[in-house]
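File shown here: my_file25.pdb, holding PDB, C-alpha atoms, pLDDT in the B column.
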```pdb
ATOM      1  CA  PRO A   1      16.509  -4.996  56.144  1.00 37.00           C
ATOM      2  CA  ALA A   2      14.523  -2.362  54.317  1.00 40.00           C
ATOM      3  CA  GLN A   3      14.968  -2.366  50.563  1.00 42.00           C
ATOM      4  CA  PRO A   4      14.936   0.648  48.223  1.00 44.00           C
ATOM      5  CA  TRP A   5      11.796   1.275  46.229  1.00 46.00           C
ATOM      6  CA  GLY A   6      13.503   0.140  43.060  1.00 47.00           C
ATOM      7  CA  ALA A   7      14.242  -3.314  44.472  1.00 45.00           C
ATOM      8  CA  PRO A   8      12.178  -6.220  43.075  1.00 41.00           C
ATOM      9  CA  ALA A   9      10.753  -7.114  46.503  1.00 39.00           C
ATOM     10  CA  ALA A  10       9.386  -3.595  46.874  1.00 56.00           C
ATOM     11  CA  LEU A  11       8.108  -3.344  43.293  1.00 62.00           C
ATOM     12  CA  ASN A  12       6.111  -6.540  43.765  1.00 67.00           C
ATOM     13  CA  GLU A  13       3.998  -4.660  46.314  1.00 75.00           C
ATOM     14  CA  ILE A  14       3.155  -1.835  43.895  1.00 90.00           C
ATOM     15  CA  HIS A  15      -0.141  -2.135  42.025  1.00 94.00           C
ATOM     16  CA  PRO A  16       0.193  -2.209  38.203  1.00 94.00           C
ATOM     17  CA  ALA A  17      -1.992   0.916  37.922  1.00 96.00           C
ATOM     18  CA  ILE A  18       0.483   2.807  40.121  1.00 96.00           C
ATOM     19  CA  THR A  19       3.472   1.502  38.165  1.00 94.00           C
ATOM     20  CA  ALA A  20       1.924   2.590  34.863  1.00 95.00           C
ATOM     21  CA  LEU A  21       1.050   6.011  36.272  1.00 96.00           C
ATOM     22  CA  GLY A  22       4.554   6.479  37.673  1.00 94.00           C
ATOM     23  CA  LEU A  23       5.982   5.908  34.196  1.00 94.00           C
ATOM     24  CA  ARG A  24       3.558   8.469  32.764  1.00 96.00           C
ATOM     25  CA  PHE A  25       4.605  10.966  35.441  1.00 95.00           C
ATOM     26  CA  ALA A  26       8.280  10.334  34.668  1.00 93.00           C
ATOM     27  CA  ASP A  27       7.982  10.844  30.907  1.00 91.00           C
ATOM     28  CA  GLY A  28       5.746  13.905  31.226  1.00 89.00           C
ATOM     29  CA  SER A  29       2.629  12.311  29.734  1.00 91.00           C
ATOM     30  CA  VAL A  30       0.580  13.594  32.673  1.00 93.00           C
ATOM     31  CA  LYS A  31       1.227  17.241  33.549  1.00 88.00           C
ATOM     32  CA  GLY A  32      -0.390  19.778  35.810  1.00 87.00           C
ATOM     33  CA  ALA A  33      -1.209  19.571  39.499  1.00 88.00           C
ATOM     34  CA  ASP A  34      -4.916  18.871  39.001  1.00 91.00           C
ATOM     35  CA  ALA A  35      -4.377  16.291  36.255  1.00 93.00           C
ATOM     36  CA  ARG A  36      -1.751  14.445  38.273  1.00 95.00           C
ATOM     37  CA  CYS A  37      -3.927  14.507  41.388  1.00 96.00           C
ATOM     38  CA  VAL A  38      -6.976  13.147  39.556  1.00 97.00           C
ATOM     39  CA  ALA A  39      -4.861  10.458  37.878  1.00 97.00           C
ATOM     40  CA  MET A  40      -3.371   9.446  41.215  1.00 98.00           C
ATOM     41  CA  MET A  41      -6.804   9.183  42.837  1.00 98.00           C
ATOM     42  CA  ALA A  42      -8.049   7.027  39.948  1.00 98.00           C
ATOM     43  CA  ALA A  43      -5.055   4.717  40.396  1.00 97.00           C
ATOM     44  CA  LEU A  44      -5.575   4.553  44.171  1.00 97.00           C
ATOM     45  CA  ARG A  45      -9.197   3.637  43.537  1.00 97.00           C
ATOM     46  CA  GLU A  46      -7.916   0.629  41.596  1.00 97.00           C
ATOM     47  CA  VAL A  47      -5.560  -0.215  44.452  1.00 97.00           C
ATOM     48  CA  VAL A  48      -8.445  -0.187  46.931  1.00 97.00           C
ATOM     49  CA  ARG A  49     -10.743  -2.227  44.695  1.00 97.00           C
ATOM     50  CA  ASP A  50      -8.134  -4.965  44.183  1.00 96.00           C
ATOM     51  CA  TYR A  51      -6.953  -4.996  47.798  1.00 96.00           C
ATOM     52  CA  SER A  52      -7.341  -8.139  49.856  1.00 95.00           C
ATOM     53  CA  THR A  53      -6.567  -8.066  53.572  1.00 94.00           C
ATOM     54  CA  PRO A  54      -3.645 -10.408  54.388  1.00 92.00           C
ATOM     55  CA  PRO A  55      -4.141 -13.027  57.121  1.00 92.00           C
ATOM     56  CA  GLU A  56      -3.836 -11.758  60.695  1.00 90.00           C
ATOM     57  CA  LYS A  57      -3.945  -8.125  59.557  1.00 92.00           C
ATOM     58  CA  ALA A  58      -6.630  -5.439  59.705  1.00 93.00           C
ATOM     59  CA  LEU A  59      -7.702  -3.443  56.662  1.00 95.00           C
ATOM     60  CA  GLY A  60      -7.680  -0.179  58.627  1.00 94.00           C
ATOM     61  CA  ARG A  61      -4.000  -0.615  59.452  1.00 94.00           C
ATOM     62  CA  ASP A  62      -2.595  -2.451  56.446  1.00 94.00           C
ATOM     63  CA  LEU A  63      -4.258  -0.558  53.578  1.00 95.00           C
ATOM     64  CA  PRO A  64      -2.932   2.893  54.656  1.00 96.00           C
ATOM     65  CA  LYS A  65       0.583   1.441  54.521  1.00 94.00           C
ATOM     66  CA  ARG A  66      -0.136   0.152  51.013  1.00 94.00           C
ATOM     67  CA  VAL A  67      -1.318   3.640  50.023  1.00 96.00           C
ATOM     68  CA  ASP A  68       1.868   5.155  51.468  1.00 94.00           C
ATOM     69  CA  ARG A  69       4.045   2.792  49.414  1.00 93.00           C
ATOM     70  CA  CYS A  70       2.127   3.632  46.246  1.00 95.00           C
ATOM     71  CA  PHE A  71       2.406   7.347  46.950  1.00 96.00           C
ATOM     72  CA  GLN A  72       6.138   7.040  47.571  1.00 93.00           C
ATOM     73  CA  PHE A  73       6.566   5.251  44.249  1.00 94.00           C
ATOM     74  CA  LEU A  74       4.776   8.097  42.445  1.00 95.00           C
ATOM     75  CA  THR A  75       6.866  10.673  44.309  1.00 94.00           C
ATOM     76  CA  ASP A  76      10.054   8.845  43.317  1.00 93.00           C
ATOM     77  CA  SER A  77       8.854   8.953  39.714  1.00 93.00           C
ATOM     78  CA  ARG A  78       8.292  12.708  39.956  1.00 94.00           C
ATOM     79  CA  PRO A  79       8.049  14.954  43.046  1.00 93.00           C
ATOM     80  CA  HIS A  80       4.429  15.234  44.114  1.00 92.00           C
ATOM     81  CA  SER A  81       2.339  18.395  44.030  1.00 90.00           C
ATOM     82  CA  VAL A  82       0.668  19.937  47.077  1.00 91.00           C
ATOM     83  CA  SER A  83      -2.733  18.710  45.927  1.00 92.00           C
ATOM     84  CA  MET A  84      -1.413  15.154  45.612  1.00 96.00           C
ATOM     85  CA  GLY A  85      -0.119  15.271  49.184  1.00 95.00           C
ATOM     86  CA  ASN A  86      -3.484  16.517  50.420  1.00 96.00           C
ATOM     87  CA  ALA A  87      -5.257  13.787  48.457  1.00 97.00           C
ATOM     88  CA  LYS A  88      -3.057  11.078  49.946  1.00 97.00           C
ATOM     89  CA  HIS A  89      -3.793  12.277  53.481  1.00 97.00           C
ATOM     90  CA  PHE A  90      -7.500  12.320  52.637  1.00 97.00           C
ATOM     91  CA  VAL A  91      -7.420   8.698  51.452  1.00 98.00           C
ATOM     92  CA  ARG A  92      -5.513   7.582  54.554  1.00 97.00           C
ATOM     93  CA  ALA A  93      -8.005   9.359  56.793  1.00 97.00           C
ATOM     94  CA  ALA A  94     -10.936   7.807  54.927  1.00 97.00           C
ATOM     95  CA  ILE A  95      -9.476   4.350  55.564  1.00 97.00           C
ATOM     96  CA  THR A  96      -8.516   4.822  59.202  1.00 95.00           C
ATOM     97  CA  ASN A  97     -11.929   6.321  60.043  1.00 95.00           C
ATOM     98  CA  LEU A  98     -13.840   3.326  58.702  1.00 95.00           C
ATOM     99  CA  ASP A  99     -16.225   1.513  61.000  1.00 94.00           C
ATOM    100  CA  PRO A 100     -14.274  -1.585  62.151  1.00 90.00           C
ATOM    101  CA  ASP A 101     -17.474  -3.641  61.966  1.00 92.00           C
ATOM    102  CA  LEU A 102     -17.789  -3.136  58.189  1.00 94.00           C
ATOM    103  CA  SER A 103     -17.056  -6.085  55.933  1.00 95.00           C
ATOM    104  CA  GLU A 104     -14.054  -5.816  53.646  1.00 95.00           C
ATOM    105  CA  SER A 105     -16.179  -5.370  50.518  1.00 96.00           C
ATOM    106  CA  ALA A 106     -18.337  -2.676  52.149  1.00 96.00           C
ATOM    107  CA  ALA A 107     -15.263  -0.875  53.462  1.00 96.00           C
ATOM    108  CA  LYS A 108     -13.655  -0.800  50.008  1.00 97.00           C
ATOM    109  CA  VAL A 109     -16.858   0.538  48.453  1.00 97.00           C
ATOM    110  CA  GLU A 110     -16.990   3.329  51.038  1.00 97.00           C
ATOM    111  CA  VAL A 111     -13.357   4.311  50.460  1.00 98.00           C
ATOM    112  CA  CYS A 112     -13.881   4.379  46.672  1.00 97.00           C
ATOM    113  CA  GLU A 113     -16.918   6.623  47.150  1.00 97.00           C
ATOM    114  CA  GLU A 114     -14.841   8.979  49.316  1.00 97.00           C
ATOM    115  CA  ILE A 115     -12.161   9.113  46.612  1.00 98.00           C
ATOM    116  CA  ASP A 116     -14.787  10.011  44.001  1.00 97.00           C
ATOM    117  CA  ARG A 117     -16.231  12.671  46.314  1.00 97.00           C
ATOM    118  CA  PHE A 118     -12.788  14.220  46.829  1.00 97.00           C
ATOM    119  CA  VAL A 119     -12.214  14.518  43.079  1.00 97.00           C
ATOM    120  CA  ARG A 120     -15.711  15.876  42.477  1.00 96.00           C
ATOM    121  CA  GLU A 121     -15.773  18.446  45.288  1.00 95.00           C
ATOM    122  CA  ARG A 122     -12.159  19.430  45.891  1.00 94.00           C
ATOM    123  CA  VAL A 123     -10.726  19.297  42.382  1.00 94.00           C
ATOM    124  CA  VAL A 124     -13.422  19.670  39.743  1.00 93.00           C
ATOM    125  CA  ALA A 125     -15.760  21.990  41.683  1.00 94.00           C
ATOM    126  CA  ALA A 126     -12.828  24.019  43.036  1.00 91.00           C
ATOM    127  CA  SER A 127     -11.426  24.510  39.525  1.00 90.00           C
ATOM    128  CA  ASP A 128     -14.829  25.649  38.259  1.00 91.00           C
ATOM    129  CA  LEU A 129     -15.110  28.138  41.127  1.00 92.00           C
ATOM    130  CA  ILE A 130     -11.656  29.543  40.401  1.00 89.00           C
ATOM    131  CA  ALA A 131     -12.506  29.891  36.704  1.00 90.00           C
ATOM    132  CA  GLN A 132     -15.747  31.744  37.421  1.00 92.00           C
ATOM    133  CA  GLY A 133     -14.120  34.114  39.921  1.00 91.00           C
ATOM    134  CA  ALA A 134     -11.081  34.907  37.797  1.00 89.00           C
ATOM    135  CA  ALA A 135     -13.098  35.305  34.572  1.00 92.00           C
ATOM    136  CA  ALA A 136     -15.082  38.058  36.288  1.00 92.00           C
ATOM    137  CA  LYS A 137     -11.883  40.156  36.475  1.00 90.00           C
ATOM    138  CA  ILE A 138     -11.554  40.268  32.685  1.00 92.00           C
ATOM    139  CA  ARG A 139     -13.325  43.284  31.199  1.00 90.00           C
ATOM    140  CA  GLU A 140     -16.163  42.966  28.716  1.00 89.00           C
ATOM    141  CA  SER A 141     -13.905  44.206  25.918  1.00 88.00           C
ATOM    142  CA  GLY A 142     -10.430  45.545  25.252  1.00 89.00           C
ATOM    143  CA  ASP A 143      -8.274  43.501  27.626  1.00 91.00           C
ATOM    144  CA  VAL A 144      -5.000  41.980  26.437  1.00 92.00           C
ATOM    145  CA  VAL A 145      -4.219  39.057  28.707  1.00 91.00           C
ATOM    146  CA  LEU A 146      -0.722  37.589  28.953  1.00 89.00           C
ATOM    147  CA  THR A 147      -0.097  34.071  30.177  1.00 89.00           C
ATOM    148  CA  PHE A 148       2.957  31.835  30.196  1.00 87.00           C
ATOM    149  CA  GLY A 149       3.129  28.195  29.132  1.00 86.00           C
ATOM    150  CA  ARG A 150      -0.011  26.210  29.822  1.00 88.00           C
ATOM    151  CA  SER A 151      -1.978  25.816  33.017  1.00 86.00           C
ATOM    152  CA  LYS A 152      -5.336  24.058  33.006  1.00 88.00           C
ATOM    153  CA  ASN A 153      -6.691  26.583  35.512  1.00 87.00           C
ATOM    154  CA  VAL A 154      -5.666  29.522  33.332  1.00 90.00           C
ATOM    155  CA  ALA A 155      -7.099  27.828  30.226  1.00 92.00           C
ATOM    156  CA  ASP A 156     -10.391  27.320  32.060  1.00 93.00           C
ATOM    157  CA  VAL A 157     -10.445  30.987  33.109  1.00 93.00           C
ATOM    158  CA  LEU A 158      -9.918  32.239  29.570  1.00 95.00           C
ATOM    159  CA  GLN A 159     -12.440  29.866  28.029  1.00 95.00           C
ATOM    160  CA  THR A 160     -15.003  30.732  30.693  1.00 95.00           C
ATOM    161  CA  ALA A 161     -14.554  34.450  29.996  1.00 95.00           C
ATOM    162  CA  HIS A 162     -14.932  33.810  26.265  1.00 95.00           C
ATOM    163  CA  ALA A 163     -18.100  31.774  26.873  1.00 95.00           C
ATOM    164  CA  GLN A 164     -19.490  34.778  28.761  1.00 94.00           C
ATOM    165  CA  GLY A 165     -19.199  36.823  25.561  1.00 95.00           C
ATOM    166  CA  LYS A 166     -16.203  38.926  26.594  1.00 95.00           C
ATOM    167  CA  LYS A 167     -13.963  40.265  23.847  1.00 94.00           C
ATOM    168  CA  PHE A 168     -10.270  40.086  24.694  1.00 95.00           C
ATOM    169  CA  HIS A 169      -6.934  39.094  23.176  1.00 95.00           C
ATOM    170  CA  VAL A 170      -4.517  36.565  24.693  1.00 95.00           C
ATOM    171  CA  VAL A 171      -0.733  36.667  24.400  1.00 94.00           C
ATOM    172  CA  VAL A 172       0.769  33.252  25.111  1.00 94.00           C
ATOM    173  CA  ALA A 173       4.450  33.442  26.047  1.00 91.00           C
ATOM    174  CA  ASP A 174       6.437  30.235  25.891  1.00 90.00           C
ATOM    175  CA  ALA A 175       9.927  28.787  26.317  1.00 86.00           C
ATOM    176  CA  ARG A 176      11.863  25.642  25.618  1.00 86.00           C
ATOM    177  CA  PRO A 177      12.186  22.774  26.283  1.00 84.00           C
ATOM    178  CA  CYS A 178       8.504  21.968  26.826  1.00 83.00           C
ATOM    179  CA  LEU A 179       6.781  24.643  24.723  1.00 89.00           C
ATOM    180  CA  ASP A 180       3.494  23.887  26.481  1.00 89.00           C
ATOM    181  CA  GLY A 181       2.136  27.262  25.396  1.00 92.00           C
ATOM    182  CA  ARG A 182       1.627  25.919  21.874  1.00 94.00           C
ATOM    183  CA  LYS A 183      -1.079  23.612  23.140  1.00 94.00           C
ATOM    184  CA  LEU A 184      -2.802  26.443  24.994  1.00 94.00           C
ATOM    185  CA  ALA A 185      -2.710  28.708  21.942  1.00 96.00           C
ATOM    186  CA  GLN A 186      -4.198  25.937  19.789  1.00 96.00           C
ATOM    187  CA  GLU A 187      -6.955  25.261  22.334  1.00 95.00           C
ATOM    188  CA  LEU A 188      -7.884  28.944  22.570  1.00 95.00           C
ATOM    189  CA  CYS A 189      -7.881  29.431  18.806  1.00 95.00           C
ATOM    190  CA  ARG A 190     -10.195  26.448  18.372  1.00 95.00           C
ATOM    191  CA  SER A 191     -12.511  28.042  20.960  1.00 93.00           C
ATOM    192  CA  GLY A 192     -12.558  31.313  18.999  1.00 94.00           C
ATOM    193  CA  VAL A 193     -10.233  33.350  21.229  1.00 94.00           C
ATOM    194  CA  THR A 194      -7.764  35.546  19.308  1.00 94.00           C
ATOM    195  CA  CYS A 195      -4.175  34.784  20.315  1.00 95.00           C
ATOM    196  CA  THR A 196      -0.600  35.865  19.780  1.00 95.00           C
ATOM    197  CA  TYR A 197       2.159  33.341  20.428  1.00 96.00           C
ATOM    198  CA  VAL A 198       5.636  34.589  21.404  1.00 94.00           C
ATOM    199  CA  LEU A 199       8.768  33.104  22.893  1.00 93.00           C
ATOM    200  CA  LEU A 200      10.201  34.328  26.159  1.00 85.00           C
ATOM    201  CA  ASN A 201      12.896  36.485  24.513  1.00 85.00           C
ATOM    202  CA  ALA A 202      10.155  38.588  22.834  1.00 87.00           C
ATOM    203  CA  LEU A 203       8.240  39.219  26.053  1.00 84.00           C
ATOM    204  CA  SER A 204       9.420  42.818  26.490  1.00 83.00           C
ATOM    205  CA  TYR A 205       8.094  43.710  23.024  1.00 88.00           C
ATOM    206  CA  VAL A 206       4.511  42.674  23.811  1.00 88.00           C
ATOM    207  CA  MET A 207       4.349  43.890  27.410  1.00 87.00           C
ATOM    208  CA  PRO A 208       3.430  47.531  26.561  1.00 86.00           C
ATOM    209  CA  ASN A 209       0.122  46.315  25.109  1.00 88.00           C
ATOM    210  CA  VAL A 210      -0.698  43.916  27.937  1.00 88.00           C
ATOM    211  CA  THR A 211      -3.387  44.944  30.426  1.00 86.00           C
ATOM    212  CA  LYS A 212      -3.568  41.816  32.564  1.00 84.00           C
ATOM    213  CA  VAL A 213      -1.260  38.952  33.475  1.00 81.00           C
ATOM    214  CA  ARG A 214      -2.668  35.544  34.275  1.00 73.00           C
ATOM    215  CA  THR A 215      -0.394  32.729  35.426  1.00 67.00           C
ATOM    216  CA  MET A 216      -0.869  29.639  37.532  1.00 53.00           C
ATOM    217  CA  GLY A 217       0.717  31.363  40.528  1.00 46.00           C
ATOM    218  CA  ARG A 218      -1.907  34.117  40.340  1.00 42.00           C
ATOM    219  CA  TYR A 219      -4.401  31.655  41.824  1.00 40.00           C
ATOM    220  CA  THR A 220      -2.226  29.237  43.815  1.00 42.00           C
ATOM    221  CA  GLY A 221       0.431  31.568  45.232  1.00 41.00           C
ATOM    222  CA  ARG A 222       3.159  29.426  43.652  1.00 43.00           C
ATOM    223  CA  TYR A 223       4.998  29.764  40.358  1.00 43.00           C
ATOM    224  CA  THR A 224       6.527  27.053  38.221  1.00 47.00           C
ATOM    225  CA  ARG A 225      10.257  27.311  37.706  1.00 47.00           C
ATOM    226  CA  HIS A 226       9.613  28.041  34.011  1.00 47.00           C
ATOM    227  CA  ALA A 227       7.412  31.065  34.816  1.00 52.00           C
ATOM    228  CA  GLN A 228       9.886  32.633  37.222  1.00 56.00           C
ATOM    229  CA  PRO A 229      12.021  34.285  34.486  1.00 57.00           C
ATOM    230  CA  CYS A 230       8.925  36.302  33.513  1.00 61.00           C
ATOM    231  CA  LEU A 231       8.478  37.928  36.908  1.00 58.00           C
ATOM    232  CA  PRO A 232      11.120  40.697  36.518  1.00 59.00           C
ATOM    233  CA  CYS A 233       9.540  41.698  33.204  1.00 59.00           C
ATOM    234  CA  PHE A 234       6.086  41.809  34.812  1.00 58.00           C
ATOM    235  CA  SER A 235       7.402  44.050  37.575  1.00 58.00           C
ATOM    236  CA  LYS A 236       9.252  46.349  35.170  1.00 55.00           C
ATOM    237  CA  PHE A 237       6.011  47.127  33.340  1.00 57.00           C
ATOM    238  CA  ASN A 238       4.068  47.463  36.624  1.00 58.00           C
ATOM    239  CA  HIS A 239       1.815  44.492  35.964  1.00 55.00           C
ATOM    240  CA  PRO A 240       0.729  42.838  39.188  1.00 50.00           C
ATOM    241  CA  VAL A 241       0.761  39.031  39.066  1.00 49.00           C
TER     242      VAL A 241
END
```

Please render this file's structure as structure tokens.
Amino acid sequence: PAQPWGAPAALNEIHPAITALGLRFADGSVKGADARCVAMMAALREVVRDYSTPPEKALGRDLPKRVDRCFQFLTDSRPHSVSMGNAKHFVRAAITNLDPDLSESAAKVEVCEEIDRFVRERVVAASDLIAQGAAAKIRESGDVVLTFGRSKNVADVLQTAHAQGKKFHVVVADARPCLDGRKLAQELCRSGVTCTYVLLNALSYVMPNVTKVRTMGRYTGRYTRHAQPCLPCFSKFNHPV
């Protein structure tokens, strides 16, 4: 009979890199959709490198099942992001589309190269493109940009705009329990961007001076549950998000 993922027989099939990453997901050490996706792909690369095809089985059929079990373990540790789901499907497709005449070592090398290409083209390059496009919407001077918590994409946008010589002020709104906005404010201050840090209950006091709102959902179409309380305030002051 099938055993739950927490059962010893199932855990024995999980690569140590996946187990360690699942613990980091669970305790919040790795946050953000892009960071979690990149970390997952790095762990899956280790899974592929250490994989050895069992007797009487084919790599193209057995390894995708191993990837599915690893992905399920990570999802049980913390629900996966959309980008992680897309990455898992990409890895499965890369394995199932392998030339059956390839040796095991050559097949693993090819899959690892595909994983690296995915991270390079669909995560890193995509994030850079988003940062360049969104930074162009910030005026050369005078803008007051409000953001909530910390998103790597938003941080990249603001730092890119600052690197372009634009003069603007950032208001970082934050809330418990995570208080991720502190880290963003510290990063921006170290980069030379002027910042104001406020908690969520003071948001209505700073909104009259805000000219632009930048949140993670502005670029992905989705909002974190922590950012959702801000939306009524954004609408009240007629700030599109």

When the PyMOL selection byres ((chain A and resi 53) around 12) is applied to the file above, which residues end up in the set, as a tab-separated table (two decimals) with C-alpha atoms, in the coordinates of the input?
```tsv
chain	number	residue	atom	x	y	z
A	48	VAL	CA	-8.44	-0.19	46.93
A	49	ARG	CA	-10.74	-2.23	44.70
A	50	ASP	CA	-8.13	-4.96	44.18
A	51	TYR	CA	-6.95	-5.00	47.80
A	52	SER	CA	-7.34	-8.14	49.86
A	54	PRO	CA	-3.64	-10.41	54.39
A	55	PRO	CA	-4.14	-13.03	57.12
A	56	GLU	CA	-3.84	-11.76	60.70
A	57	LYS	CA	-3.94	-8.12	59.56
A	58	ALA	CA	-6.63	-5.44	59.70
A	59	LEU	CA	-7.70	-3.44	56.66
A	60	GLY	CA	-7.68	-0.18	58.63
A	61	ARG	CA	-4.00	-0.62	59.45
A	62	ASP	CA	-2.60	-2.45	56.45
A	63	LEU	CA	-4.26	-0.56	53.58
A	64	PRO	CA	-2.93	2.89	54.66
A	65	LYS	CA	0.58	1.44	54.52
A	66	ARG	CA	-0.14	0.15	51.01
A	103	SER	CA	-17.06	-6.08	55.93
A	104	GLU	CA	-14.05	-5.82	53.65
A	105	SER	CA	-16.18	-5.37	50.52
A	107	ALA	CA	-15.26	-0.88	53.46
A	108	LYS	CA	-13.66	-0.80	50.01
```

Compile the contact shell of A:Ala42 as a count of residues only: residues with an atom at most 12 Å away, counting all atoms listed in the file, same-chain residues fewer than 4 positions apart removed.
24

Distance atom CA of A:Val82-atom CA of A:Arg182, one decimal place?
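Computing the Euclidean distance for atom CA of A:Val82 and atom CA of A:Arg182 yields 25.9 Å.
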
Give as a ChimeraX atom specification the residues that the PyMOL selection byres ((chain A and resi 77) around 7) matches when applied to the coordinates above.
/A:22-23,25-26,73-76,78-79

Compare A:Ser83, A:Cys178, A:Asp68, A:Ala135 by their minimum atom-to-atom distance to A:Asp27, counting all atoms listed in the file, and give me the closest one.
A:Cys178

Rank A:Asn97, A:Ser204, A:Gln186, A:Gln72 by their smallest atom-to-atom distance to A:Gly85, using all atoms listed in the file, and report the top residue only.
A:Gln72

Using Å and a single decimal, report how far atom CA of A:Tyr205 sits from atom CA of A:Lys166.
25.0 Å

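Taking atom CA of A:Val172 and atom CA of A:Ile130 as the two end points, the separation is 20.0 Å.
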
Reconstructed stretch 143-159 of chain A, atom set N, CA and C atoms, as a short mmCIF file (atom, residue, chain, number, x, y, z; two decimals), in the frame of the given file:
```
data_model
loop_
_atom_site.label_atom_id
_atom_site.label_comp_id
_atom_site.auth_asym_id
_atom_site.auth_seq_id
_atom_site.Cartn_x
_atom_site.Cartn_y
_atom_site.Cartn_z
N ASP A 143 -9.41 44.02 26.86
CA ASP A 143 -8.27 43.50 27.63
C ASP A 143 -7.33 42.70 26.74
N VAL A 144 -6.03 42.82 27.04
CA VAL A 144 -5.00 41.98 26.44
C VAL A 144 -4.37 41.18 27.58
N VAL A 145 -4.61 39.91 27.58
CA VAL A 145 -4.22 39.06 28.71
C VAL A 145 -2.98 38.26 28.33
N LEU A 146 -1.95 38.34 29.18
CA LEU A 146 -0.72 37.59 28.95
C LEU A 146 -0.69 36.39 29.89
N THR A 147 -0.32 35.25 29.35
CA THR A 147 -0.10 34.07 30.18
C THR A 147 1.16 33.38 29.69
N PHE A 148 1.70 32.51 30.53
CA PHE A 148 2.96 31.84 30.20
C PHE A 148 2.76 30.33 30.22
N GLY A 149 3.24 29.64 29.18
CA GLY A 149 3.13 28.20 29.13
C GLY A 149 1.67 27.77 29.07
N ARG A 150 1.37 26.67 29.77
CA ARG A 150 -0.01 26.21 29.82
C ARG A 150 -0.34 25.73 31.22
N SER A 151 -1.40 26.29 31.77
CA SER A 151 -1.98 25.82 33.02
C SER A 151 -3.45 25.54 32.76
N LYS A 152 -3.93 24.39 33.21
CA LYS A 152 -5.34 24.06 33.01
C LYS A 152 -6.24 25.10 33.64
N ASN A 153 -5.86 25.58 34.84
CA ASN A 153 -6.69 26.58 35.51
C ASN A 153 -6.79 27.86 34.69
N VAL A 154 -5.66 28.31 34.14
CA VAL A 154 -5.67 29.52 33.33
C VAL A 154 -6.48 29.30 32.06
N ALA A 155 -6.32 28.13 31.43
CA ALA A 155 -7.10 27.83 30.23
C ALA A 155 -8.59 27.85 30.53
N ASP A 156 -8.98 27.31 31.67
CA ASP A 156 -10.39 27.32 32.06
C ASP A 156 -10.89 28.74 32.27
N VAL A 157 -10.06 29.59 32.88
CA VAL A 157 -10.44 30.99 33.11
C VAL A 157 -10.71 31.69 31.78
N LEU A 158 -9.79 31.55 30.85
CA LEU A 158 -9.92 32.24 29.57
C LEU A 158 -11.10 31.72 28.76
N GLN A 159 -11.31 30.42 28.78
CA GLN A 159 -12.44 29.87 28.03
C GLN A 159 -13.77 30.21 28.68
#
```
